[in-house]
Amino acid sequence: MLFWKKFSKKTLTEFNFENLENNGLIYLHDYIPKMNEATNDDDAMMSFYFYQENQSKTYKGAKNIILKNENMDFKKVMKSIKNRTSNVTKEEQNDEALFLIKYFLENKFFVTDLSNIIDCPQYFLYTKMFEEKPIDIAEMGLHYSDMGIIYHDVFNRLLKECYNKFGFNIYKQDISQYKKIIEAAIENLILESKINDYCDDFEIASIKQELNIKINIFIEKELQRAEDENYLYIPSYFEEPFYDYSIYNHNGINIKLSGRIDRIDLHYSDSSYKKIDGIRIIDYKRKIYNPLSTKKMEEERLQHSQLMFYLDYLTNDNKIKFGRDNISIAYIGYDNLNNKNEDYYSACDDTEILMNCLDELKSDFTPIFDKISKGIIDYNPSKEVCDKCPKNSQCPKAISTSID
């Protein structure tokens with residue numbers, strides 16, 4: 001084994017973590033053959049690195065190839081391997097399916113998980129197999145996702161306070177009334193959150209200023225839309241949680257959804273506010289990338305699966321009672337609020353189309369779980385999903401890759 005000591009000097013400099021990560025190789029070890037199964041010099045080189053802990057078992061089969069390539073061009077090896085497509089064996093795919101089934105049995109399953117698995121089952125698998133622990137927020141500063149949580153909180157604090165104070169006249173007050181509530185909501189949020197732990201005074205002042213500008217624009221737009229809608233939609237539920245909603249129970253797999261709905265508006269039949277004849281489900285987004293389109297809703301329903309599953313839950317649960325005459329789903333994008341070229345609000349309010357989409361919903365995901373229970377994990381590649389997948393560099397079906 002003396003040759004390994006000599007050989008490892010080069011691997012330590014060329015095959016360091018940063019090199020592997022930057023070249024998209026960090027996850028490739030699952031599909032690189034063991035050394036005694038290597039059929040070419042590149043595979044032998046990479047397998048010797050990845051499987052060095054088992055080298056005693058495969059030493060004889062690889063020794064001559066490795067020695068012969070002691071001066072191999074490592075960058076060339078990386079380039080040749082990182083773009084390869086792998087042929088996944090049936091045995092490997094069964095193992096991956098068992099991993100998912102075990103995951104379903106041992107973990108909470110959220111609506112975003114279901115959206116991801118519908119987007120591409122392989123993408124969902126890889127995100128769970130190679131899930132990274134989040135970095136401590138105090139070490140990395142305020143992330144845009146944390147600003148999203150802040151916006152959710154301020155929106156809901158504002159509307160809750162207005163609803164508690166004004167009731168059904170929530171949208172019929174002078175603008176000055178809302179400005180006072182907005183200022184108080186922002187101040188209370190800053191005091192109660194952990195922002196002070198990792199932001200200095202200047203950053204906190206900037207956050208307050210940004211929130212004040214956008215939340216004031218938000219309430220102005222809400223007031224105008226409420227007037228256009230004859231004040232019949234009333235914000236009534238905020239951050240509404242649900243747990244263990246069963247959507248699939250077959251072949252030993254019982255998928256129970258959990259989640260939290262950002263906001264639910266109740267729709268009243270008239271200004272007497274006595275009869276609830278519908279709902280609007282609202283999801284707050286940083287940016288509206290896929291606007292809702294009534295004309296394309298059935299065709300694009302999977303792109304909006306998160307809202308659709310919220311609707312599926314609410315129409316089958318009796319906690320919130322409502323009629324079916326006015327059903328709507330909508331996005332509110334807080335980054336769109338001060339952009340004149342983009343709308344902050346996108347909705348589909350065609351009840352018949354939405355209810356038809358619900359009928360088709362289970363036919364979209366039931367076959368996926370049926371196949372997983374049989375050891376089959378399908379691919380459903382798209383540019384958006386493939387670009388963010390941790391295994392896009394060697395996925396045989398990847399449409400595109402973010403690795404140059």
# chains A, B, ... in the order shown; residues from 1 in each chain; ligands from 1

$ residues_around --residues "Ile190 of chain A" --least-positions-apart "6" --cutoff "9 Å" --atoms "only C-alpha atoms" --output "PyMOL selection string"
chain A and resi 196+204+208

$ write_last_selection --atoms "N, CA and C atoms" --output "mmCIF file, in the first residue's frame"
data_model
loop_
_atom_site.group_PDB
_atom_site.id
_atom_site.type_symbol
_atom_site.label_atom_id
_atom_site.label_comp_id
_atom_site.auth_asym_id
_atom_site.auth_seq_id
_atom_site.Cartn_x
_atom_site.Cartn_y
_atom_site.Cartn_z
ATOM 1 N N ASN A 196 -32.695 41.799 16.306
ATOM 2 C CA ASN A 196 -31.705 42.566 17.066
ATOM 3 C C ASN A 196 -30.446 41.765 17.369
ATOM 4 N N ILE A 204 -31.316 47.596 11.010
ATOM 5 C CA ILE A 204 -32.691 47.598 11.520
ATOM 6 C C ILE A 204 -33.468 48.797 10.991
ATOM 7 N N LYS A 208 -36.859 48.629 8.695
ATOM 8 C CA LYS A 208 -38.073 49.370 9.034
ATOM 9 C C LYS A 208 -38.528 50.250 7.872
#

$ residues_around --residues "Ser293 of chain A" --least-positions-apart "6" --cutoff "9 Å" --atoms "only C-alpha atoms" --output "ChimeraX atom specification"
/A:300,346-348

$ write_last_selection --atoms "N, CA and C atoms" --output "PDB file, in the first residue's frame"
ATOM      1  N   GLU A 300     -52.083  24.253 -16.232  1.00  0.00           N
ATOM      2  CA  GLU A 300     -50.945  24.610 -15.374  1.00  0.00           C
ATOM      3  C   GLU A 300     -51.214  24.330 -13.898  1.00  0.00           C
ATOM      4  N   SER A 346     -52.127  38.137  -8.039  1.00  0.00           N
ATOM      5  CA  SER A 346     -52.490  37.263  -9.153  1.00  0.00           C
ATOM      6  C   SER A 346     -53.483  36.235  -8.640  1.00  0.00           C
ATOM      7  N   ALA A 347     -54.599  36.057  -9.355  1.00  0.00           N
ATOM      8  CA  ALA A 347     -55.652  35.181  -8.833  1.00  0.00           C
ATOM      9  C   ALA A 347     -56.353  34.405  -9.943  1.00  0.00           C
ATOM     10  N   CYS A 348     -56.934  33.285  -9.539  1.00  0.00           N
ATOM     11  CA  CYS A 348     -57.897  32.564 -10.375  1.00  0.00           C
ATOM     12  C   CYS A 348     -59.172  32.453  -9.548  1.00  0.00           C
TER      13      CYS A 348
END

$ select_by_dssp --residues "segment 230-309 of chain A" --states "strand (DSSP E)" --output "ChimeraX atom specification"
/A:233-250,253-268,276-285

$ residues_around --residues "Asp317 of chain A" --least-positions-apart "5" --cutoff "12 Å" --atoms "only C-alpha atoms" --output "list in words"
Phe242, Tyr243, Asp244, Tyr245, Ser246, Tyr310, Leu311, Asp312 and Phe322 of chain A

$ write_last_selection --atoms "N, CA and C atoms" --output "mmCIF file, in the first residue's frame"
data_model
loop_
_atom_site.group_PDB
_atom_site.id
_atom_site.type_symbol
_atom_site.label_atom_id
_atom_site.label_comp_id
_atom_site.auth_asym_id
_atom_site.auth_seq_id
_atom_site.Cartn_x
_atom_site.Cartn_y
_atom_site.Cartn_z
ATOM 1 N N PHE A 242 -52.791 23.076 9.577
ATOM 2 C CA PHE A 242 -53.524 21.814 9.528
ATOM 3 C C PHE A 242 -52.515 20.672 9.620
ATOM 4 N N TYR A 243 -52.977 19.522 10.118
ATOM 5 C CA TYR A 243 -52.079 18.412 10.392
ATOM 6 C C TYR A 243 -52.702 17.092 9.942
ATOM 7 N N ASP A 244 -51.835 16.216 9.448
ATOM 8 C CA ASP A 244 -52.204 14.817 9.179
ATOM 9 C C ASP A 244 -53.450 14.674 8.322
ATOM 10 N N TYR A 245 -53.485 15.443 7.253
ATOM 11 C CA TYR A 245 -54.591 15.319 6.293
ATOM 12 C C TYR A 245 -54.209 14.241 5.278
ATOM 13 N N SER A 246 -54.879 13.109 5.320
ATOM 14 C CA SER A 246 -54.512 11.961 4.493
ATOM 15 C C SER A 246 -54.921 12.177 3.036
ATOM 16 N N TYR A 310 -54.113 23.194 -0.632
ATOM 17 C CA TYR A 310 -54.790 23.940 0.427
ATOM 18 C C TYR A 310 -56.304 23.928 0.180
ATOM 19 N N LEU A 311 -56.669 24.163 -1.058
ATOM 20 C CA LEU A 311 -58.086 24.167 -1.413
ATOM 21 C C LEU A 311 -58.701 22.779 -1.215
ATOM 22 N N ASP A 312 -57.956 21.746 -1.590
ATOM 23 C CA ASP A 312 -58.427 20.374 -1.403
ATOM 24 C C ASP A 312 -58.699 20.098 0.073
ATOM 25 N N PHE A 322 -68.147 27.024 4.577
ATOM 26 C CA PHE A 322 -68.386 28.020 3.530
ATOM 27 C C PHE A 322 -69.117 27.367 2.356
#

$ residues_around --residues "Leu292 of chain A" --least-positions-apart "5" --cutoff "12 Å" --atoms "only C-alpha atoms" --output "ChimeraX atom specification"
/A:282-283,297-305,307-308,328-332,343-350,354

$ write_last_selection --atoms "N, CA and C atoms" --output "mmCIF file, in the first residue's frame"
data_model
loop_
_atom_site.group_PDB
_atom_site.id
_atom_site.type_symbol
_atom_site.label_atom_id
_atom_site.label_comp_id
_atom_site.auth_asym_id
_atom_site.auth_seq_id
_atom_site.Cartn_x
_atom_site.Cartn_y
_atom_site.Cartn_z
ATOM 1 N N ILE A 282 -54.944 32.733 0.037
ATOM 2 C CA ILE A 282 -53.858 33.603 -0.402
ATOM 3 C C ILE A 282 -52.521 33.069 0.095
ATOM 4 N N ASP A 283 -51.563 33.022 -0.815
ATOM 5 C CA ASP A 283 -50.201 32.615 -0.477
ATOM 6 C C ASP A 283 -49.275 33.799 -0.744
ATOM 7 N N MET A 297 -55.531 27.431 -16.249
ATOM 8 C CA MET A 297 -55.492 26.843 -14.917
ATOM 9 C C MET A 297 -55.446 25.316 -14.962
ATOM 10 N N GLU A 298 -56.291 24.698 -15.749
ATOM 11 C CA GLU A 298 -56.304 23.239 -15.807
ATOM 12 C C GLU A 298 -54.995 22.712 -16.372
ATOM 13 N N GLU A 299 -54.480 23.394 -17.361
ATOM 14 C CA GLU A 299 -53.220 22.988 -17.984
ATOM 15 C C GLU A 299 -52.039 23.185 -17.030
ATOM 16 N N GLU A 300 -52.083 24.253 -16.232
ATOM 17 C CA GLU A 300 -50.945 24.610 -15.374
ATOM 18 C C GLU A 300 -51.214 24.330 -13.898
ATOM 19 N N ARG A 301 -52.163 23.480 -13.585
ATOM 20 C CA ARG A 301 -52.556 23.288 -12.183
ATOM 21 C C ARG A 301 -51.400 22.767 -11.320
ATOM 22 N N LEU A 302 -50.518 21.978 -11.912
ATOM 23 C CA LEU A 302 -49.409 21.435 -11.123
ATOM 24 C C LEU A 302 -48.421 22.524 -10.713
ATOM 25 N N GLN A 303 -48.334 23.598 -11.500
ATOM 26 C CA GLN A 303 -47.464 24.706 -11.125
ATOM 27 C C GLN A 303 -47.985 25.428 -9.878
ATOM 28 N N HIS A 304 -49.265 25.240 -9.605
ATOM 29 C CA HIS A 304 -49.892 25.906 -8.458
ATOM 30 C C HIS A 304 -50.415 24.863 -7.464
ATOM 31 N N SER A 305 -49.697 23.736 -7.382
ATOM 32 C CA SER A 305 -50.174 22.606 -6.582
ATOM 33 C C SER A 305 -50.284 22.953 -5.100
ATOM 34 N N LEU A 307 -51.289 25.808 -3.629
ATOM 35 C CA LEU A 307 -52.605 26.414 -3.403
ATOM 36 C C LEU A 307 -53.732 25.405 -3.641
ATOM 37 N N MET A 308 -53.547 24.545 -4.638
ATOM 38 C CA MET A 308 -54.586 23.572 -4.946
ATOM 39 C C MET A 308 -54.778 22.568 -3.804
ATOM 40 N N SER A 328 -61.745 31.059 -4.803
ATOM 41 C CA SER A 328 -60.635 31.773 -5.445
ATOM 42 C C SER A 328 -59.321 31.382 -4.783
ATOM 43 N N ILE A 329 -58.248 31.359 -5.573
ATOM 44 C CA ILE A 329 -56.897 31.205 -5.033
ATOM 45 C C ILE A 329 -56.054 32.362 -5.570
ATOM 46 N N ALA A 330 -55.075 32.807 -4.780
ATOM 47 C CA ALA A 330 -54.337 34.012 -5.191
ATOM 48 C C ALA A 330 -52.936 34.042 -4.591
ATOM 49 N N TYR A 331 -52.045 34.751 -5.287
ATOM 50 C CA TYR A 331 -50.709 35.072 -4.775
ATOM 51 C C TYR A 331 -50.625 36.572 -4.513
ATOM 52 N N ILE A 332 -49.861 36.931 -3.477
ATOM 53 C CA ILE A 332 -49.466 38.317 -3.273
ATOM 54 C C ILE A 332 -47.949 38.342 -3.201
ATOM 55 N N ASP A 343 -47.509 43.184 -11.395
ATOM 56 C CA ASP A 343 -48.663 43.203 -10.503
ATOM 57 C C ASP A 343 -48.331 42.451 -9.221
ATOM 58 N N TYR A 344 -48.748 42.990 -8.091
ATOM 59 C CA TYR A 344 -48.459 42.352 -6.807
ATOM 60 C C TYR A 344 -49.459 41.248 -6.497
ATOM 61 N N TYR A 345 -50.549 41.175 -7.275
ATOM 62 C CA TYR A 345 -51.653 40.260 -6.980
ATOM 63 C C TYR A 345 -51.998 39.450 -8.228
ATOM 64 N N SER A 346 -52.127 38.137 -8.039
ATOM 65 C CA SER A 346 -52.490 37.263 -9.153
ATOM 66 C C SER A 346 -53.483 36.235 -8.640
ATOM 67 N N ALA A 347 -54.599 36.057 -9.355
ATOM 68 C CA ALA A 347 -55.652 35.181 -8.833
ATOM 69 C C ALA A 347 -56.353 34.405 -9.943
ATOM 70 N N CYS A 348 -56.934 33.285 -9.539
ATOM 71 C CA CYS A 348 -57.897 32.564 -10.375
ATOM 72 C C CYS A 348 -59.172 32.453 -9.548
ATOM 73 N N ASP A 349 -60.259 33.034 -10.055
ATOM 74 C CA ASP A 349 -61.503 33.056 -9.288
ATOM 75 C C ASP A 349 -62.663 32.408 -10.031
ATOM 76 N N ASP A 350 -62.328 31.490 -10.923
ATOM 77 C CA ASP A 350 -63.365 30.743 -11.629
ATOM 78 C C ASP A 350 -63.660 29.466 -10.830
ATOM 79 N N LEU A 354 -61.692 25.722 -10.905
ATOM 80 C CA LEU A 354 -60.933 25.294 -9.735
ATOM 81 C C LEU A 354 -61.456 23.973 -9.178
#

$ closest_residue --among "A:Lys172, A:Lys102, A:Lys256, A:Lys383" --to "Glu227 of chain A" --atoms "only C-alpha atoms"
A:Lys172

$ atom_distance --atom1 "atom CA of Lys108 of chain A" --atom2 "atom CA of Phe124 of chain A"
14.3 Å

$ residues_around --residues "Gln209 of chain A" --least-positions-apart "5" --cutoff "12 Å" --atoms "only C-alpha atoms" --output "list in words"
Ile182, Glu183, Ile186, Glu187, Phe202, Glu203, Ile204, Lys214, Ile215 and Asn216 of chain A

$ closest_residue --among "A:Asp370, A:Asp387, A:Ser382, A:Leu125" --to "Asn249 of chain A" --atoms "only C-alpha atoms"
A:Asp370

$ residues_around --residues "segment 336-338 of chain A" --least-positions-apart "3" --cutoff "8 Å" --atoms "only C-alpha atoms" --output "list in words"
Lys214, Ile217, Phe218, Arg286, Lys287, Ile288, Gly333, Glu342, Asp343 and Tyr344 of chain A

$ atom_distance --atom1 "atom CA of Lys296 of chain A" --atom2 "atom CA of Ile327 of chain A"
16.7 Å

$ closest_residue --among "A:Lys179, A:His267, A:Arg225, A:Lys362" --to "Asn212 of chain A" --atoms "only C-alpha atoms"
A:Lys179

$ closest_residue --among "A:Leu257, A:Ile320, A:Ile170, A:Ala205" --to "Tyr237 of chain A" --atoms "only C-alpha atoms"
A:Ile320

$ closest_residue --among "A:Gln122, A:Asn326, A:Asn251, A:Asn380" --to "Ser269 of chain A" --atoms "only C-alpha atoms"
A:Asn326
